[in-house]
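Enquirer: So that you have it, the file is run.cif, and it contains mmCIF, C-alpha atoms:
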```cif
data_my_file
#
loop_
_atom_site.label_atom_id
_atom_site.label_comp_id
_atom_site.auth_asym_id
_atom_site.auth_seq_id
_atom_site.Cartn_x
_atom_site.Cartn_y
_atom_site.Cartn_z
CA MET O 1 7.64 -23.65 -7.85
CA THR O 2 6.68 -20.86 -10.28
CA GLU O 3 9.03 -20.64 -13.22
CA ALA O 4 10.78 -17.26 -13.42
CA LEU O 5 9.82 -14.94 -16.24
CA PRO O 6 12.50 -14.74 -18.94
CA GLN O 7 14.35 -11.54 -19.80
CA GLY O 8 12.22 -9.26 -21.96
CA ALA O 9 8.94 -10.52 -20.47
CA VAL O 10 6.20 -7.94 -19.93
CA ILE O 11 4.69 -7.22 -16.53
CA GLY O 12 1.25 -5.65 -16.70
CA ILE O 13 0.48 -3.07 -14.02
CA LEU O 14 -3.03 -1.93 -13.15
CA GLY O 15 -2.71 1.73 -12.20
CA GLY O 16 -0.35 4.33 -13.57
CA GLY O 17 0.49 6.56 -10.62
CA GLN O 18 3.79 7.04 -8.82
CA LEU O 19 3.86 3.46 -7.52
CA GLY O 20 3.47 2.12 -11.05
CA ARG O 21 6.19 4.52 -12.16
CA MET O 22 8.68 3.23 -9.58
CA LEU O 23 7.70 -0.39 -10.25
CA SER O 24 8.44 0.21 -13.94
CA VAL O 25 11.90 1.56 -13.15
CA ALA O 26 12.63 -1.46 -10.95
CA ALA O 27 11.40 -3.86 -13.64
CA SER O 28 13.67 -2.26 -16.22
CA ARG O 29 16.70 -2.87 -13.99
CA LEU O 30 15.85 -6.56 -13.96
CA GLY O 31 15.46 -6.76 -17.74
CA TYR O 32 11.66 -6.64 -17.86
CA ARG O 33 9.25 -4.32 -19.65
CA THR O 34 6.02 -2.96 -18.20
CA HIS O 35 2.62 -2.25 -19.70
CA ILE O 36 0.47 0.17 -17.69
CA TYR O 37 -3.34 0.09 -17.70
CA GLU O 38 -4.78 3.33 -16.36
CA PRO O 39 -8.12 5.10 -16.95
CA GLY O 40 -6.80 8.54 -15.95
CA THR O 41 -3.54 10.46 -16.00
CA VAL O 42 -0.44 8.29 -16.22
CA PRO O 43 2.72 9.51 -14.41
CA ALA O 44 4.10 5.99 -14.95
CA GLY O 45 3.79 6.43 -18.70
CA ASP O 46 7.06 8.38 -18.83
CA VAL O 47 9.06 5.26 -17.93
CA ALA O 48 6.87 2.32 -18.99
CA HIS O 49 7.32 0.38 -22.23
CA ARG O 50 3.64 0.72 -23.12
CA VAL O 51 0.46 2.38 -21.80
CA THR O 52 -3.21 1.59 -22.31
CA THR O 53 -5.54 4.43 -21.33
CA ALA O 54 -9.02 2.96 -20.98
CA SER O 55 -11.73 2.47 -18.39
CA TYR O 56 -11.99 -0.65 -16.25
CA ASP O 57 -15.28 -1.55 -17.96
CA ASP O 58 -13.74 -1.60 -21.45
CA ALA O 59 -13.70 -5.35 -22.06
CA ALA O 60 -11.88 -5.13 -25.39
CA ALA O 61 -9.11 -2.98 -23.93
CA LEU O 62 -8.75 -5.24 -20.89
CA ARG O 63 -8.52 -8.32 -23.08
CA ALA O 64 -5.90 -6.75 -25.36
CA PHE O 65 -3.90 -5.62 -22.33
CA ALA O 66 -3.94 -9.08 -20.73
CA GLU O 67 -2.94 -10.78 -23.97
CA SER O 68 0.05 -8.44 -24.32
CA VAL O 69 1.63 -9.27 -20.93
CA ASP O 70 3.01 -12.32 -19.12
CA VAL O 71 1.75 -11.57 -15.60
CA ILE O 72 -0.46 -8.87 -14.06
CA THR O 73 0.10 -6.94 -10.84
CA TYR O 74 -1.31 -3.68 -9.50
CA GLU O 75 -0.44 -0.45 -7.73
CA PHE O 76 -4.11 0.36 -7.14
CA GLU O 77 -6.27 -2.22 -5.41
CA ASN O 78 -9.78 -0.87 -6.11
CA VAL O 79 -10.17 -2.53 -9.49
CA PRO O 80 -13.73 -3.78 -10.20
CA ALA O 81 -14.23 -7.51 -9.68
CA GLU O 82 -15.68 -7.92 -13.17
CA SER O 83 -12.50 -6.49 -14.70
CA LEU O 84 -10.37 -8.86 -12.65
CA ASP O 85 -12.51 -11.82 -13.72
CA LEU O 86 -11.74 -11.07 -17.36
CA LEU O 87 -8.04 -10.42 -16.78
CA GLU O 88 -7.53 -13.52 -14.66
CA SER O 89 -9.08 -15.72 -17.34
CA ILE O 90 -6.13 -14.78 -19.57
CA ARG O 91 -3.11 -14.17 -17.30
CA PRO O 92 -2.17 -14.79 -13.65
CA ILE O 93 -2.70 -11.91 -11.21
CA ARG O 94 -0.14 -11.46 -8.42
CA PRO O 95 -0.89 -10.81 -5.60
CA ASN O 96 -3.96 -13.00 -5.86
CA ARG O 97 -7.64 -12.14 -5.90
CA ARG O 98 -8.17 -13.05 -2.25
CA ALA O 99 -5.71 -10.38 -1.15
CA LEU O 100 -7.65 -7.84 -3.21
CA ALA O 101 -11.02 -8.97 -1.88
CA VAL O 102 -9.83 -8.67 1.71
CA SER O 103 -8.25 -5.24 1.28
CA GLN O 104 -10.99 -3.70 -0.85
CA ASP O 105 -13.56 -3.87 1.96
CA ARG O 106 -12.67 -2.60 5.43
CA LEU O 107 -15.21 -4.91 7.08
CA THR O 108 -13.84 -7.98 5.30
CA GLU O 109 -10.33 -6.90 6.26
CA LYS O 110 -11.19 -6.45 9.94
CA GLU O 111 -12.94 -9.81 10.08
CA PHE O 112 -10.02 -11.53 8.34
CA LEU O 113 -7.52 -10.06 10.80
CA ARG O 114 -9.72 -10.93 13.78
CA ASP O 115 -10.10 -14.51 12.56
CA LEU O 116 -6.28 -14.78 12.42
CA GLY O 117 -6.22 -13.92 16.11
CA LEU O 118 -4.69 -10.48 15.55
CA LYS O 119 -5.69 -7.38 17.50
CA THR O 120 -7.66 -4.63 15.73
CA ALA O 121 -9.61 -1.61 16.89
CA PRO O 122 -13.14 -2.54 18.03
CA PHE O 123 -15.38 -2.29 14.96
CA ALA O 124 -18.98 -2.58 13.81
CA ASN O 125 -20.64 -2.70 10.39
CA VAL O 126 -22.81 0.31 9.46
CA GLU O 127 -25.29 0.02 6.60
CA THR O 128 -28.28 1.90 8.04
CA GLU O 129 -29.01 4.74 10.44
CA ALA O 130 -30.06 2.13 12.98
CA ASP O 131 -26.70 0.35 12.54
CA LEU O 132 -24.92 3.63 13.23
CA ALA O 133 -26.90 4.23 16.40
CA ASP O 134 -26.24 0.66 17.60
CA ALA O 135 -22.53 0.90 16.72
CA LEU O 136 -22.13 4.16 18.61
CA GLN O 137 -23.90 2.69 21.62
CA GLN O 138 -21.62 -0.35 21.49
CA ILE O 139 -18.29 1.37 20.67
CA GLY O 140 -18.91 4.91 21.85
CA ALA O 141 -16.83 7.99 21.11
CA PRO O 142 -14.23 9.03 20.25
CA SER O 143 -14.49 6.82 17.19
CA ILE O 144 -14.17 7.09 13.44
CA LEU O 145 -16.55 6.06 10.67
CA LYS O 146 -14.78 4.87 7.52
CA THR O 147 -16.37 3.94 4.21
CA ARG O 148 -15.90 0.24 3.58
CA ARG O 149 -14.55 0.88 0.09
CA MET O 150 -12.35 3.41 -1.73
CA GLY O 151 -11.18 5.54 1.22
CA TYR O 152 -7.48 6.50 1.36
CA ASP O 153 -5.30 9.38 2.62
CA GLY O 154 -8.00 10.35 5.12
CA LYS O 155 -10.82 10.40 2.53
CA GLY O 156 -14.18 8.82 3.31
CA GLN O 157 -13.81 9.27 7.07
CA ILE O 158 -15.93 10.99 9.72
CA ARG O 159 -14.68 11.47 13.27
CA PHE O 160 -17.16 11.14 16.14
CA SER O 161 -16.54 12.95 19.40
CA ASP O 162 -20.09 12.50 20.73
CA PRO O 163 -22.10 9.25 20.73
CA ALA O 164 -25.19 11.31 19.87
CA GLN O 165 -23.59 12.46 16.61
CA ARG O 166 -25.31 11.09 13.51
CA ASP O 167 -23.20 12.32 10.56
CA TRP O 168 -23.12 9.70 7.79
CA THR O 169 -22.86 9.77 4.01
CA GLY O 170 -25.08 6.73 3.57
CA ALA O 171 -22.26 4.60 2.13
CA PRO O 172 -21.66 1.18 3.73
CA SER O 173 -19.10 1.88 6.44
CA VAL O 174 -17.28 0.56 9.47
CA LEU O 175 -17.24 2.35 12.81
CA GLU O 176 -13.88 1.88 14.51
CA GLY O 177 -13.27 2.56 18.17
CA PHE O 178 -10.47 4.79 19.35
CA VAL O 179 -7.12 3.10 20.00
CA SER O 180 -4.82 4.81 22.46
CA PHE O 181 -1.44 4.50 20.78
CA SER O 182 1.98 6.05 21.18
CA GLY O 183 2.85 5.78 17.49
CA GLU O 184 2.19 4.03 14.22
CA ILE O 185 4.69 1.76 12.54
CA SER O 186 4.47 -0.12 9.29
CA VAL O 187 6.10 -3.33 8.18
CA ILE O 188 6.84 -3.89 4.51
CA VAL O 189 6.84 -7.63 3.91
CA ALA O 190 7.43 -9.64 0.74
CA ARG O 191 6.45 -13.21 -0.04
CA GLY O 192 7.70 -15.09 -3.07
CA ALA O 193 5.90 -17.62 -5.23
CA ASP O 194 7.91 -20.32 -3.43
CA GLY O 195 6.64 -19.18 -0.02
CA ALA O 196 9.89 -17.47 0.99
CA VAL O 197 9.37 -14.36 3.13
CA ALA O 198 11.53 -11.25 3.52
CA ALA O 199 10.62 -8.26 5.69
CA TYR O 200 12.08 -4.79 6.06
CA ASP O 201 12.66 -3.04 9.36
CA PRO O 202 9.49 -1.31 10.63
CA GLY O 203 9.30 2.43 10.03
CA LEU O 204 7.74 5.03 12.35
CA ASN O 205 5.00 6.96 10.53
CA VAL O 206 3.79 10.52 11.15
CA HIS O 207 0.59 11.71 9.45
CA GLU O 208 -0.75 15.21 8.84
CA GLY O 209 -4.32 15.71 7.71
CA GLY O 210 -4.73 11.99 7.13
CA ILE O 211 -1.76 11.87 4.73
CA LEU O 212 1.57 10.23 5.53
CA ARG O 213 4.15 12.94 6.13
CA THR O 214 7.28 11.07 7.21
CA THR O 215 8.55 7.56 7.83
CA THR O 216 11.67 7.14 9.97
CA VAL O 217 13.82 4.01 10.15
CA PRO O 218 14.77 2.71 12.64
CA SER O 219 11.41 3.24 14.31
CA GLY O 220 12.72 3.44 17.87
CA VAL O 221 10.22 0.89 19.18
CA PRO O 222 11.47 -1.95 21.44
CA GLN O 223 13.02 -4.92 19.66
CA ARG O 224 10.28 -7.26 20.88
CA LEU O 225 7.72 -5.14 19.00
CA VAL O 226 9.92 -5.11 15.90
CA THR O 227 9.95 -8.90 16.04
CA ASP O 228 6.20 -9.07 16.70
CA GLY O 229 5.49 -6.76 13.76
CA VAL O 230 7.57 -8.77 11.33
CA LEU O 231 6.05 -12.07 12.49
CA LEU O 232 2.45 -10.91 12.21
CA ALA O 233 3.07 -9.37 8.77
CA ALA O 234 4.50 -12.71 7.64
CA GLN O 235 1.48 -14.47 9.17
CA ILE O 236 -0.92 -12.27 7.16
CA ALA O 237 1.00 -12.84 3.93
CA GLY O 238 1.04 -16.60 4.48
CA ALA O 239 -2.67 -16.76 5.29
CA LEU O 240 -3.43 -15.03 1.98
CA ASP O 241 -0.99 -17.23 0.00
CA TYR O 242 0.39 -13.85 -1.02
CA VAL O 243 2.92 -13.18 -3.78
CA GLY O 244 4.43 -9.70 -3.81
CA VAL O 245 5.03 -6.83 -1.39
CA MET O 246 2.50 -5.82 1.25
CA GLY O 247 2.32 -2.91 3.69
CA VAL O 248 0.97 -3.59 7.19
CA GLU O 249 0.19 -0.56 9.37
CA LEU O 250 0.33 -1.12 13.13
CA PHE O 251 -0.53 0.95 16.19
CA VAL O 252 1.94 0.75 19.08
CA THR O 253 0.02 0.44 22.36
CA PRO O 254 0.93 -0.50 25.95
CA GLU O 255 -0.69 -3.89 25.32
CA GLY O 256 1.30 -4.53 22.13
CA LEU O 257 0.64 -4.07 18.43
CA VAL O 258 -2.82 -3.42 16.96
CA VAL O 259 -3.30 -3.87 13.22
CA ASN O 260 -4.67 -0.72 11.59
CA GLU O 261 -4.86 -1.86 7.97
CA ILE O 262 -3.11 -3.79 5.22
CA ALA O 263 -2.26 -2.68 1.69
CA PRO O 264 -1.68 -5.45 -0.89
CA ARG O 265 0.95 -3.54 -2.86
CA VAL O 266 4.11 -1.52 -2.51
CA HIS O 267 3.45 1.17 0.08
CA ASN O 268 4.24 4.83 0.65
CA SER O 269 5.83 4.02 4.01
CA GLY O 270 8.29 1.71 2.24
CA HIS O 271 9.86 4.38 0.02
CA TRP O 272 12.75 4.70 2.48
CA THR O 273 14.04 1.33 1.22
CA GLN O 274 15.25 3.09 -1.95
CA ALA O 275 18.02 4.73 0.11
CA GLY O 276 18.37 2.23 2.95
CA CYS O 277 18.53 -1.20 1.28
CA ALA O 278 20.31 -2.87 -1.62
CA VAL O 279 16.97 -4.31 -2.78
CA ASP O 280 14.16 -1.78 -2.33
CA GLN O 281 10.46 -2.59 -2.05
CA PHE O 282 9.83 -2.00 -5.76
CA GLU O 283 12.50 -4.42 -6.94
CA GLN O 284 11.36 -6.87 -4.28
CA HIS O 285 7.81 -6.78 -5.66
CA ILE O 286 8.99 -7.29 -9.24
CA ARG O 287 11.18 -10.19 -8.11
CA ALA O 288 8.20 -11.82 -6.39
CA VAL O 289 5.67 -11.49 -9.21
CA ALA O 290 8.28 -12.52 -11.80
CA GLY O 291 9.18 -15.68 -9.86
CA LEU O 292 12.73 -14.57 -9.01
CA PRO O 293 14.40 -15.14 -5.61
CA LEU O 294 13.70 -12.40 -3.06
CA GLY O 295 16.39 -10.07 -1.74
CA ASP O 296 17.01 -10.20 2.00
CA GLY O 297 15.69 -6.70 2.78
CA LYS O 298 18.62 -5.90 5.05
CA ARG O 299 18.97 -2.22 5.98
CA TYR O 300 22.41 -0.60 5.65
CA ALA O 301 21.45 3.02 6.47
CA ASP O 302 19.11 4.97 8.74
CA VAL O 303 16.63 6.98 6.67
CA VAL O 304 13.88 9.57 6.99
CA MET O 305 11.42 9.57 4.10
CA GLU O 306 9.35 12.74 3.64
CA ASN O 307 6.47 13.08 1.21
CA LEU O 308 6.46 16.22 -0.93
CA ILE O 309 2.86 17.39 -0.89
CA GLY O 310 1.44 20.33 -2.85
CA ASP O 311 3.49 23.48 -2.23
CA ASP O 312 6.39 21.45 -0.84
CA MET O 313 7.61 21.56 -4.43
CA ASP O 314 8.68 25.16 -3.74
CA ARG O 315 11.43 23.66 -1.54
CA LEU O 316 12.89 21.69 -4.42
CA PRO O 317 16.04 23.83 -4.92
CA GLU O 318 17.09 23.43 -1.28
CA LEU O 319 16.25 19.73 -1.27
CA LEU O 320 18.32 19.11 -4.37
CA ALA O 321 21.26 20.89 -2.73
CA ALA O 322 20.95 19.06 0.60
CA PRO O 323 23.62 16.46 1.47
CA ASN O 324 22.73 12.77 1.80
CA THR O 325 19.32 13.46 0.25
CA GLN O 326 17.71 11.45 -2.55
CA VAL O 327 14.92 13.22 -4.46
CA HIS O 328 12.14 11.30 -6.25
CA LEU O 329 9.65 13.29 -8.34
CA TYR O 330 6.54 11.75 -9.85
CA GLY O 331 6.18 13.81 -13.03
CA LYS O 332 2.82 15.31 -12.07
CA ALA O 333 2.17 18.57 -13.88
CA GLU O 334 0.15 20.44 -11.27
CA ALA O 335 0.93 20.83 -7.57
CA ARG O 336 -2.30 20.87 -5.57
CA ALA O 337 -3.04 20.88 -1.85
CA GLY O 338 -2.97 17.31 -0.57
CA ARG O 339 -1.43 15.92 -3.75
CA LYS O 340 1.72 13.81 -3.45
CA MET O 341 4.22 15.24 -5.91
CA GLY O 342 7.28 13.28 -4.86
CA HIS O 343 9.31 12.27 -1.85
CA VAL O 344 12.80 12.64 -0.45
CA ASN O 345 14.91 10.08 1.39
CA ARG O 346 17.44 11.57 3.81
CA ILE O 347 20.21 9.28 5.00
CA ILE O 348 20.74 10.21 8.64
CA ARG O 349 23.41 7.64 9.48
#
```
Write out the structure in this file as structure tokens.
Expert:
Amino acid sequence: MTEALPQGAVIGILGGGQLGRMLSVAASRLGYRTHIYEPGTVPAGDVAHRVTTASYDDAAALRAFAESVDVITYEFENVPAESLDLLESIRPIRPNRRALAVSQDRLTEKEFLRDLGLKTAPFANVETEADLADALQQIGAPSILKTRRMGYDGKGQIRFSDPAQRDWTGAPSVLEGFVSFSGEISVIVARGADGAVAAYDPGLNVHEGGILRTTTVPSGVPQRLVTDGVLLAAQIAGALDYVGVMGVELFVTPEGLVVNEIAPRVHNSGHWTQAGCAVDQFEQHIRAVAGLPLGDGKRYADVVMENLIGDDMDRLPELLAAPNTQVHLYGKAEARAGRKMGHVNRIIR
């Protein structure tokens, strides 16, 4: 059993975006301080106890950061392995390195899920032009080519409508076959250091331009699929000996649930928990990495979460005046197309 961090302990967070910002707020409610490590702009810096702005290859800065904290977590999973090696030699990292290794590479992730006996889209590794031709012959079109590393919010993806198509950036990629689905849901699951598991109700996700637009809870899917989603998310967390909150995205198909991808961190589709649960996903993650007991994740309200993207900020006056609406802004100075500026949680029942 991991001993709980004492009051006043410092939780180091790799990444200083909106997720790090909301994690810092949750940590403060539980009597902890946060230290953010971020190479770029730092929205989380407005609410964190301390910020280090340095690159991930700055060994001196990494060492000083690790020595200043009691445990390290992350809101951004694409941290170089060499940086993690240094950090882990000084302080524990939660969730662990295996979770990062699996999620950082789409091929590794697909193989991990397949080996657990879970359904995924058909997939093939693409490292050469010949691989692409073979993959398209095997999987066909429609299909989608995704870079194995660093892609998010629709970035690093090429859609194929014709098996003769040969578009490719040259980056190691995975070709995924088309899955005929009626919707996408996501399960936010937490696992504590003691192995305890708590899951939130699945939310129904709607994307626009590759970016999550809304998540609605309850999802409206049959109860058997709700149960299946929670059980498989718990299975994934257990197989990784995971500590923290994880997002698991699932396609709803006539044959059951198909795993789209996993995210080893608090997740955009879990923001609704801020208005729908006594213990939201951010507090749940802090509880887990700090060695505290998990909350039960029970939902007491129906919620629609909507991301505020780019010019959506022009709607702010009406959103602030709307009833049963909770507004979360990320402190980003410039609204740009495709940039998440905040989100709103509407309580619908």
Enquirer: So which residues touch range 282-292 of chain O within 9 Å, counting only C-alpha atoms, skipping near sequence neighbours fewer than 6 positions away, as number ranges by chain?
Expert: O: 1-6, 9, 11, 19, 22-27, 29-30, 71-73, 93-95, 190-194, 198, 243-246, 265-266, 270-271, 273-274
Enquirer: Carefully work through the PyMOL selection byres ((chain O and resi 162) around 8) for this structure and note down the residues it includes, as a list in words.
Expert: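 With the shown file as input, the PyMOL selection byres ((chain O and resi 162) around 8) matches Gly140, Ala141, Pro142, Phe160, Ser161, Pro163, Ala164 and Gln165 of chain O.
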Enquirer: Identify all residues satisfying the PyMOL selection byres ((chain O and resi 335) around 6) in the given file; provide them as a count of residues only.
Expert: 3
Enquirer: I want to know what sits within 12 Å of Glu111 in chain O, based on all atoms listed in the file, with residues of the same chain fewer than 5 positions away left out; could you give that as a PDB file with C-alpha atoms, in the frame of the given file?
Expert:
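Final output, saved to selection_0.pdb:
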```
ATOM      1  CA  VAL O 102      -9.830  -8.670   1.710  1.00  0.00           C
ATOM      2  CA  SER O 103      -8.250  -5.240   1.280  1.00  0.00           C
ATOM      3  CA  ASP O 105     -13.560  -3.870   1.960  1.00  0.00           C
ATOM      4  CA  ARG O 106     -12.670  -2.600   5.430  1.00  0.00           C
ATOM      5  CA  LEU O 116      -6.280 -14.780  12.420  1.00  0.00           C
ATOM      6  CA  GLY O 117      -6.220 -13.920  16.110  1.00  0.00           C
ATOM      7  CA  LEU O 118      -4.690 -10.480  15.550  1.00  0.00           C
ATOM      8  CA  LYS O 119      -5.690  -7.380  17.500  1.00  0.00           C
ATOM      9  CA  THR O 120      -7.660  -4.630  15.730  1.00  0.00           C
ATOM     10  CA  ALA O 121      -9.610  -1.610  16.890  1.00  0.00           C
ATOM     11  CA  PRO O 122     -13.140  -2.540  18.030  1.00  0.00           C
ATOM     12  CA  PHE O 123     -15.380  -2.290  14.960  1.00  0.00           C
ATOM     13  CA  ALA O 124     -18.980  -2.580  13.810  1.00  0.00           C
ATOM     14  CA  ASN O 125     -20.640  -2.700  10.390  1.00  0.00           C
ATOM     15  CA  VAL O 174     -17.280   0.560   9.470  1.00  0.00           C
ATOM     16  CA  VAL O 259      -3.300  -3.870  13.220  1.00  0.00           C
ATOM     17  CA  GLU O 261      -4.860  -1.860   7.970  1.00  0.00           C
TER      18      GLU O 261
END
```
Enquirer: Where does the PyMOL selection byres ((chain O and resi 55) around 10) land in this file, that is, which residues does it pick, as a count of residues only?
Expert: 14
Enquirer: Report as AutoDock Vina command-line options the centre and the edge lengths, in Å to one decimal, of the axis-aligned box holding every listed atom of range 117-123 of chain O, padded by 5 Å on each side.
Expert:
```
--center_x -10.0 --center_y -7.8 --center_z 16.5 --size_x 20.7 --size_y 22.3 --size_z 13.1
```
Enquirer: If we count only C-alpha atoms and set the cut-off at 12 Å, which residues sit around Arg149 in chain O, ignoring sequence neighbours fewer than 5 positions away in its own chain? Please answer as a list in words.
Expert: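 My reading of the contact set: Glu77, Asn78, Val79, Pro80, Leu100, Ala101, Val102, Ser103, Gln104, Asp105, Arg106, Leu107, Thr108, Glu109, Lys155, Gly156, Gln157, Ala171, Pro172, Ser173 and Val174 of chain O.
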Enquirer: When distances are computed from all atoms listed in the file, which of O:Asp311, O:Val179, O:Ser28, O:His267 shows the smallest separation from Phe76 in chain O?
Expert: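 Using all atoms listed in the file, the shortest distance to Phe76 in chain O belongs to O:His267.
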Enquirer: Taking only C-alpha atoms into account, which of O:Phe65, O:Trp272, O:Phe181, O:Tyr300 comes nearest Glu255 in chain O?
Expert: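 Going through O:Phe65, O:Trp272, O:Phe181, O:Tyr300 one by one, the smallest distance to Glu255 in chain O is for O:Phe181.
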Enquirer: Pick from O:Lys110, O:His328, O:Arg97, O:His207: nearest to Val258 in chain O, with only C-alpha atoms counted?
Expert: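 Closest residue, counting only C-alpha atoms: O:Lys110.
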Enquirer: What is the CA of Ser180 in chain O to CA of Thr253 in chain O distance in Å?
Expert: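 It comes out at 6.5 Å.
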Enquirer: To one decimal in Å, tell me the separation between CA of Ile262 in chain O and CA of Ala130 in chain O.
Expert: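 Computed distance, CA of Ile262 in chain O to CA of Ala130 in chain O, equals 28.7 Å.
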Enquirer: Quick one: distance from CA of Phe178 in chain O to CA of Leu136 in chain O in Å, one decimal?
Expert: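 Computed distance, CA of Phe178 in chain O to CA of Leu136 in chain O, equals 11.7 Å.
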Enquirer: As a list in words, please: the residues near Ala333 in chain O (cut-off 12 Å, only C-alpha atoms, same-chain neighbours under 5 positions excluded).
Expert: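 Listing them by chain and then by number gives Thr41, Val42, Pro43, Gly310, Met313, Arg339, Lys340, Met341 and Gly342 of chain O.
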Enquirer: Here is a test: counting all atoms listed in the file, which residue of O:Val187, O:Leu14, O:Leu294, O:Glu82 is nearest to Val230 in chain O?
Expert: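 Going through O:Val187, O:Leu14, O:Leu294, O:Glu82 one by one, the smallest distance to Val230 in chain O is for O:Val187.
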Enquirer: Taking only C-alpha atoms into account, which of O:Leu240, O:Val344, O:Ile13, O:Ala64 comes nearest Ala48 in chain O?
Expert: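 The shortest atom-to-atom distance to Ala48 in chain O comes from O:Ile13.
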Enquirer: Identify which of the residues O:Phe251, O:Tyr200, O:Phe112, O:Tyr74 lies closest to Leu225 in chain O, counting all atoms listed in the file when measuring atom-to-atom distances.
Expert: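 Of O:Phe251, O:Tyr200, O:Phe112, O:Tyr74, the one nearest Leu225 in chain O is O:Phe251, counting all atoms listed in the file.
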Enquirer: I need range 169-182 of chain O written out with N, CA and C atoms, as an mmCIF file, in the first residue's frame; please produce it.
Expert:
```
data_model
loop_
_atom_site.group_PDB
_atom_site.id
_atom_site.type_symbol
_atom_site.label_atom_id
_atom_site.label_comp_id
_atom_site.auth_asym_id
_atom_site.auth_seq_id
_atom_site.Cartn_x
_atom_site.Cartn_y
_atom_site.Cartn_z
ATOM 1 N N THR O 169 3.198 10.951 -45.429
ATOM 2 C CA THR O 169 4.203 11.944 -45.027
ATOM 3 C C THR O 169 5.590 11.342 -44.880
ATOM 4 N N GLY O 170 5.669 10.018 -44.822
ATOM 5 C CA GLY O 170 6.945 9.367 -44.589
ATOM 6 C C GLY O 170 7.189 9.013 -43.143
ATOM 7 N N ALA O 171 6.349 9.523 -42.224
ATOM 8 C CA ALA O 171 6.504 9.208 -40.802
ATOM 9 C C ALA O 171 5.965 7.811 -40.524
ATOM 10 N N PRO O 172 6.600 7.045 -39.615
ATOM 11 C CA PRO O 172 6.039 5.745 -39.234
ATOM 12 C C PRO O 172 4.578 5.903 -38.827
ATOM 13 N N SER O 173 3.721 5.063 -39.384
ATOM 14 C CA SER O 173 2.278 5.245 -39.225
ATOM 15 C C SER O 173 1.578 3.904 -39.062
ATOM 16 N N VAL O 174 0.295 3.997 -38.779
ATOM 17 C CA VAL O 174 -0.574 2.831 -38.718
ATOM 18 C C VAL O 174 -1.768 3.089 -39.628
ATOM 19 N N LEU O 175 -2.063 2.140 -40.504
ATOM 20 C CA LEU O 175 -3.275 2.231 -41.303
ATOM 21 C C LEU O 175 -4.379 1.495 -40.562
ATOM 22 N N GLU O 176 -5.476 2.201 -40.315
ATOM 23 C CA GLU O 176 -6.607 1.613 -39.603
ATOM 24 C C GLU O 176 -7.794 1.480 -40.548
ATOM 25 N N GLY O 177 -8.416 0.319 -40.524
ATOM 26 C CA GLY O 177 -9.592 0.100 -41.346
ATOM 27 C C GLY O 177 -10.806 0.837 -40.809
ATOM 28 N N PHE O 178 -11.759 1.046 -41.669
ATOM 29 C CA PHE O 178 -12.985 1.739 -41.292
ATOM 30 C C PHE O 178 -13.828 0.867 -40.365
ATOM 31 N N VAL O 179 -14.361 1.471 -39.319
ATOM 32 C CA VAL O 179 -15.280 0.800 -38.403
ATOM 33 C C VAL O 179 -16.650 1.450 -38.557
ATOM 34 N N SER O 180 -17.634 0.656 -38.890
ATOM 35 C CA SER O 180 -18.992 1.167 -39.014
ATOM 36 C C SER O 180 -19.601 1.267 -37.622
ATOM 37 N N PHE O 181 -19.727 2.495 -37.124
ATOM 38 C CA PHE O 181 -20.209 2.681 -35.761
ATOM 39 C C PHE O 181 -21.356 3.676 -35.709
ATOM 40 N N SER O 182 -22.194 3.507 -34.700
ATOM 41 C CA SER O 182 -23.338 4.404 -34.536
ATOM 42 C C SER O 182 -23.013 5.586 -33.640
#
```
